[in-house]
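Comments concern the structure below.
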Amino acid sequence: MYKIVEARCVGLNIKQFVVEAPRIARKQRPGQFVILRLHERGERIPLTIKAADPAAGTVTIVVQAVGKTTSMLNCLEAGDSILDVVGPLGHPSEIANYGTVAILAGSVGTAMALPTAYALKEAGNHVVFIEGARSAEMVIFEDEVRQASSETYIMTDDGSYGEQGLVTRKLNDMIAAGREIDFVLAVGPVPMMRAVAQLTAPLGIKTMVSLNSIMVDGTGMCGGCRVLLDGKSKFACVDGPEFDASMVDFGVLMQRNAMYRDKECESLKQFNEHKDEQLERLREELAAGEKHYV
Amino acid sequence: MSEKNTLPLKERMKIVRTHMPELDPEIRSRNFEEVNLGLPPADALTEATRCIACAKPGCVMQCPVGVKIKEVVALIYAGDYLAAAAKMREDNALPAITGRVCPQENQCEGGCVLGRKSAPVAIGNLERFIADYERRSGKLGLPAIAPSTGKSVAIVGSGPAGLSCAGDLIQKGHRVRVFEALHELGGVLVYGIPEFRLPKSIVKTEVDNLRRMGVEFETNVVVGKSVTIDELMRIEGYDAVFIATGAGLPQFLGIPGEHFNGVYSANEFLTRTNLMRAYQFPEFDEPIYDCRGRDVIVVGGGNTAMDAVRTARRLGARTATLVYRRSEAEMPARAEEVKHARQEGIEFQMLTAPVEFLGDEKGWLTGARCVRMELAEADASGRRRPIPVAGSEFILPANVVIIGVGTTANPLIQSTTPDLKTNSHNYIAADPETTRTSKRGVFAGGDIVTGSATVILAMGAGRKAAAAIHEYLTSDGRWELETSGL
Ligand SMILES: Cc1cc2nc3c(=O)[nH]c(=O)nc-3n(C[C@H](O)[C@H](O)[C@H](O)COP(=O)(O)OP(=O)(O)OC[C@H]3O[C@@H](n4cnc5c(N)ncnc54)[C@H](O)[C@@H]3O)c2cc1C
Ligand SMILES: Cc1cc2nc3c(=O)[nH]c(=O)nc-3n(C[C@H](O)[C@H](O)[C@H](O)COP(=O)(O)OP(=O)(O)OC[C@H]3O[C@@H](n4cnc5c(N)ncnc54)[C@H](O)[C@@H]3O)c2cc1C
Ligand code: SF4
Ligand code: SF4
Ligand code: FES
């Protein structure tokens, strides 16, 4: 069991957790993720490690509630525990001195991109961080983003904060104004990553995207996370999650991510209808498990 | 006790083989309960009576771990089931499991002399009988544990190889810790082989027994990622490591359309159902594609394919069809599984191979374009090679396709342990006798060395490794590999 030592809301439906996981904390590199499972009947879901503190033995994750598991997780507080956390999984981000790097991140993708942004800045890059959100209350980690970058832009869809427009518009404007961009990283919703790929591919700017395919084991054992790259299957959990954007078939990714939509809706509906019971059961189980999982 | 079978041989040989009682196919193909119900004691006795106690028992020679079948059967005849179980455990650490899943027809029962004239002694059923008896009696005597040697061993992977190695090493007085990547212990026994063939509770009992003997388990550790082999030895202080990570990487066919929604690897399909209990959705959170009223095709002819197709049937598939490129005679699956599958209404399309998967404009699978095959002359491996029949293409409609054509080695450990030698297919190179690898103090066995094999071979490798590790830890620690060519 993995104790939650800190939990706080950082945005609308977005929560940050600091979790005890000493092994993972020791090994984590920017771009890697964990897979967790909340209870005995729970599913396994992947979440990026935003930060790790090897001395304290903790890792930080940021969770946006979208379906049952993330909604349930976001009901947990400091002092609660998570049944299973495994990691760090996936390849770390490739860190090099590219020159000027643009990081485009949307919604919870901002949290996912932060560790890589810090590392790229550390490696000597001029980091331009373009954070996108639907509206002001979805803008997260503004301070950290500013710290992790050399130049920061916040874009909101409705213009309620920062500049109005999409993150790709900002990048497009910069390029049009003659800014040299040597490397791009895009992390966020699939349509956003696809738009970035469409923008940078013709310009020949090396662009990486972090693919969020549906996963089960995260060790290369099931192949459920496979994505299509230049017509070839790759497993996002072990070959990725970051891939060269120009090779990615985003249509297939979206199609595969929709595979369980009906069931996911059913699950979430059930959870929302029986939230208190389910949380009580979860806590009882974890308390009983305390003895079991020594 | 000590009652001897005095029935004349001729009479014994006239007794017909007893029949394993099983759930009605109509009912069982709609649930996940165990198909085989176990022999009643009277039938076990009858079966034991059939054995003619050969001077040179072919059964023992054909069992990969040399279970003393003749003596076990004699103890069953004498009615001393616990002694029979103890005798069994001298060679086989997991009898309740092997009794259920060994391909007996190619092993012990394949070697039984009675098989030449009639049917072999039902050794697998007897093995299961005594193991179940022992478990239910609650009288499993835990073996004695030797005084602590002060040495510690890390075992990577909790499949049959890892578990049996742990069981032997703990008895020798070593500290033993098993690291497992998944959240549950048992390897393929829990994520692959379905409940209706091997109830999870049986694996759990074996794991609990090991726990009671003092074996430590740590789940959620992906060695190679969470910690490396070198770190286990240098930082965490393990004196030896046994790598038993199986051959878990699924192979796809590499034909067009494999990305359509509805195409699964058998590993994913089985993991979702077995490990994650998707068949109990929404009580359990993990979803699986709704097979109810749909057409399901499974590609392959081994145990994995057979498990997947029978699982699909139980998930409510309207049609569940096995597509295999050779003929039934070449199918590597256990004979009993083939029989059970037929009873459950599984359709067999032999000498058939998919060449393309078809889907609709939204990316959902609609069918498989297949081609008929014929068998050419036997090749160097002795197997007849299937070749496509020109102009024989046809379309099989399907909403779900499950690919169960085999698995290969997972490279996570090999790629983070540079001094560990591998062979051309990325399996770990290990001496077959000592299970020693090219890296000092590191041993390997089971599917990660041999490629996908069987539970009993993995178990045998685990026990061999335990003996070799014990010798290494208690001798001068020499690491002679010159002889093994590694
Ligand atoms: C490598 C990786 C890292 C990730 N990091 C983070 C993170 O740091 N923070 C975070 O909040 N989320 C992250 N995700 C996404 C997160 O895993 C999903 O949101 C989560 O699995 C949804 O589970 P659920 O049961 O709550 O919702 P579900 O009911 O399973 O799904 C609800 C909605 O989310 C979509 N969805 C389902 N699974 C995924 C998935 N794996 N990825 C994206 N969308 C999905 C569904 O299509 C559906 O529309 C990451 C995904 C991957 C693959
Ligand atoms: C569906 C299916 C049905 C089968 N049916 C039969 C049958 O009827 N009869 C039979 O004899 N055989 C059968 N087999 C084959 C048999 O199950 C295997 O040969 C056997 O389980 C191999 O044992 P193992 O201990 O080597 O590995 P596995 O059982 O594969 O166990 C390996 C374990 O190591 C873990 N692991 C992997 N990598 C790491 C890592 N880096 N760090 C930590 N842990 C790791 C895995 O999660 C797994 O738990 C079947 C196989 C499958 C897939
Ligand atoms: S271990 Fe397998 S092969 Fe050996 S006797 Fe038992 S069932 Fe037969
Ligand atoms: S070969 Fe058959 S008859 Fe002979 S000892 Fe073995 S089980 Fe008995
Ligand atoms: S999640 Fe199973 S192989 Fe990637």
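Labeling convention for the structure tokens: chains A, B, ... as they appear, residues from 1 per chain, ligands from 1 in order of appearance.
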Kindly provide the residues of chain B that approach ligand 1 to within 9 Å, each paired with its closest atom pair and their distance in Å to one decimal, based on only C-alpha atoms and all ligand atoms, listed by chain and increasing number, as CSV.
residue,atom,partner,partner_atom_place_in_ligand_line,distance
B:Asp285,CA,ligand 1,25 (O),7.9
B:Glu286,CA,ligand 1,30 (O),8.5
B:Pro287,CA,ligand 1,30 (O),8.7
Residues of chain A within 6 Å of chain B, using only C-alpha atoms, as a PDB file with N, CA and C atoms, in the first residue's frame?
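Here's the written file iface.pdb:
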ATOM      1  N   ILE A  24      10.104   3.926  -6.520  1.00  0.00           N
ATOM      2  CA  ILE A  24       9.826   4.718  -7.715  1.00  0.00           C
ATOM      3  C   ILE A  24      10.530   6.067  -7.614  1.00  0.00           C
ATOM      4  N   ARG A  41     -11.104  -4.338  -6.679  1.00  0.00           N
ATOM      5  CA  ARG A  41     -11.868  -4.511  -7.916  1.00  0.00           C
ATOM      6  C   ARG A  41     -11.506  -3.438  -8.942  1.00  0.00           C
ATOM      7  N   GLY A  42     -10.441  -2.731  -8.649  1.00  0.00           N
ATOM      8  CA  GLY A  42     -10.122  -1.572  -9.471  1.00  0.00           C
ATOM      9  C   GLY A  42      -9.401  -1.899 -10.760  1.00  0.00           C
ATOM     10  N   GLU A  43      -9.430  -0.932 -11.688  1.00  0.00           N
ATOM     11  CA  GLU A  43      -8.655  -1.082 -12.921  1.00  0.00           C
ATOM     12  C   GLU A  43      -7.293  -0.411 -12.723  1.00  0.00           C
ATOM     13  N   VAL A  86       2.878   1.092  -9.361  1.00  0.00           N
ATOM     14  CA  VAL A  86       4.063   0.462  -9.943  1.00  0.00           C
ATOM     15  C   VAL A  86       4.747   1.435 -10.903  1.00  0.00           C
ATOM     16  N   GLY A  87       6.068   1.391 -10.899  1.00  0.00           N
ATOM     17  CA  GLY A  87       6.803   2.274 -11.798  1.00  0.00           C
ATOM     18  C   GLY A  87       8.264   2.345 -11.390  1.00  0.00           C
ATOM     19  N   PRO A  88       9.025   3.248 -11.935  1.00  0.00           N
ATOM     20  CA  PRO A  88       8.619   4.147 -13.015  1.00  0.00           C
ATOM     21  C   PRO A  88       8.607   3.408 -14.350  1.00  0.00           C
ATOM     22  N   MET A 221       3.364  -6.502 -21.808  1.00  0.00           N
ATOM     23  CA  MET A 221       2.822  -7.853 -21.777  1.00  0.00           C
ATOM     24  C   MET A 221       1.500  -8.009 -22.524  1.00  0.00           C
ATOM     25  N   CYS A 222       0.723  -6.916 -22.668  1.00  0.00           N
ATOM     26  CA  CYS A 222      -0.620  -7.108 -23.234  1.00  0.00           C
ATOM     27  C   CYS A 222      -0.776  -6.543 -24.647  1.00  0.00           C
ATOM     28  N   ARG A 256      -8.835   4.091 -30.874  1.00  0.00           N
ATOM     29  CA  ARG A 256      -8.610   3.053 -29.857  1.00  0.00           C
ATOM     30  C   ARG A 256      -8.956   3.567 -28.455  1.00  0.00           C
TER      31      ARG A 256
END
query: Neighbours of ligand 3 within 10 Å, counting only C-alpha atoms and all ligand atoms, as a count of residues only?
result: 49
- request: Just the residues within 12 Å of Cys51 (chain B), please, counting only C-alpha atoms, with nothing from its chain fewer than 2 positions along; format it as JSON, numbers by chain.
  value: {"B": [4, 5, 6, 7, 8, 9, 10, 11, 12, 13, 14, 15, 16, 17, 44, 45, 46, 47, 48, 49, 53, 54, 55, 57, 58, 59, 69, 70, 71, 72, 73, 74, 75, 76, 77, 109, 112, 113, 114, 115, 119, 120, 121, 122, 123, 126]}
query: Per DSSP on the backbone, what are the strand (DSSP E) residues of region 77-222 of chain A, as JSON, numbers by chain?
result: {"A": [81, 82, 84, 85, 86, 87, 88, 89, 100, 101, 102, 103, 104, 105, 106, 126, 127, 128, 129, 130, 131, 132, 133, 151, 152, 153, 154, 155, 156, 163, 164, 183, 184, 185, 186, 187, 206, 207, 208, 209, 210]}
Closest atom pairs, chain A residues within 10 Å of ligand 2, only C-alpha atoms and all ligand atoms, as JSON lines:
{"residue": "A:Asp217", "atom": "CA", "partner": "ligand 2", "partner_atom_place_in_ligand_line": "47 (O)", "distance": 8.7}
{"residue": "A:Thr219", "atom": "CA", "partner": "ligand 2", "partner_atom_place_in_ligand_line": "38 (N)", "distance": 7.5}
{"residue": "A:Gly220", "atom": "CA", "partner": "ligand 2", "partner_atom_place_in_ligand_line": "38 (N)", "distance": 9.2}
{"residue": "A:Met221", "atom": "CA", "partner": "ligand 2", "partner_atom_place_in_ligand_line": "47 (O)", "distance": 8.1}
Once you have the residues from the selection above, write them out as an mmCIF file, in the first residue's frame, restricted to N, CA, C and O atoms.
data_model
loop_
_atom_site.group_PDB
_atom_site.id
_atom_site.type_symbol
_atom_site.label_atom_id
_atom_site.label_comp_id
_atom_site.auth_asym_id
_atom_site.auth_seq_id
_atom_site.Cartn_x
_atom_site.Cartn_y
_atom_site.Cartn_z
ATOM 1 N N ASP A 217 -1.057 -3.458 -18.185
ATOM 2 C CA ASP A 217 0.064 -3.843 -17.322
ATOM 3 C C ASP A 217 1.177 -2.793 -17.315
ATOM 4 O O ASP A 217 1.845 -2.591 -16.311
ATOM 5 N N THR A 219 3.992 -3.075 -18.914
ATOM 6 C CA THR A 219 5.309 -3.720 -19.017
ATOM 7 C C THR A 219 5.555 -4.362 -20.374
ATOM 8 O O THR A 219 6.526 -5.088 -20.556
ATOM 9 N N GLY A 220 4.651 -4.156 -21.321
ATOM 10 C CA GLY A 220 4.835 -4.756 -22.639
ATOM 11 C C GLY A 220 4.178 -6.118 -22.768
ATOM 12 O O GLY A 220 4.379 -6.814 -23.749
ATOM 13 N N MET A 221 3.364 -6.502 -21.808
ATOM 14 C CA MET A 221 2.822 -7.853 -21.777
ATOM 15 C C MET A 221 1.500 -8.009 -22.524
ATOM 16 O O MET A 221 1.171 -9.118 -22.947
#
task: Give the answer as one residue: which of B:Ile403, B:Leu396, B:Leu275, B:Ile145 has the shortest atom-to-atom distance to Leu189 (chain B), using only C-alpha atoms?
output: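 Of the candidates, the smallest distance to Leu189 (chain B) is held by B:Leu275.
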task: Report as JSON, numbers by chain: the residues of region 49-255 of chain A with a DSSP assignment of alpha helix (DSSP H), based on the backbone of this structure.
output: {"A": [68, 69, 70, 71, 72, 73, 109, 110, 111, 112, 113, 114, 115, 116, 117, 118, 119, 120, 121, 122, 142, 143, 144, 145, 146, 147, 148, 167, 168, 169, 170, 171, 172, 173, 174, 175, 176, 190, 191, 192, 193, 194, 195, 196, 197, 198, 199, 200, 236, 237, 238, 239, 250, 251, 252, 253, 254, 255]}
task: Tell me which of A:Val227, A:Leu211, A:Ala148, A:Leu203 sits closest to Ala176 (chain A), counting only C-alpha atoms.
output: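 Answer, going by the shortest atom-to-atom distance: A:Leu203.
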- request: Pick out the residues sitting within 10 Å of Thr311 (chain B), and hand them over as a list in words; count only C-alpha atoms, and ignore anything fewer than 5 positions along from it in its own chain.
  value: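 In the requested form, the answer reads Ser29, Arg30, Asn31, Phe32, Pro194, Glu195, Phe196, Phe269, Leu270, Thr273, Asn274, Tyr279, Cys291, Ala305, Met306, Gly316, Ala317 and Ala320 of chain B.
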message: If I take CA of Asp157 (chain A) and CA of Gly11 (chain A), how far is one from the other in Å, to one decimal?
response: 15.9 Å
- prompt: In Å, with one decimal, what is the gap from CA of Glu356 (chain B) to CA of Val401 (chain B)?
  reply: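 These atoms are spaced 11.2 Å apart.
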query: In terms of the shortest atom-to-atom distance over only C-alpha atoms, which of A:Asp173, A:Glu144, A:Glu94, A:Glu180 is closest to Val209 (chain A)?
result: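 Smallest distance to Val209 (chain A) is found for A:Glu94.
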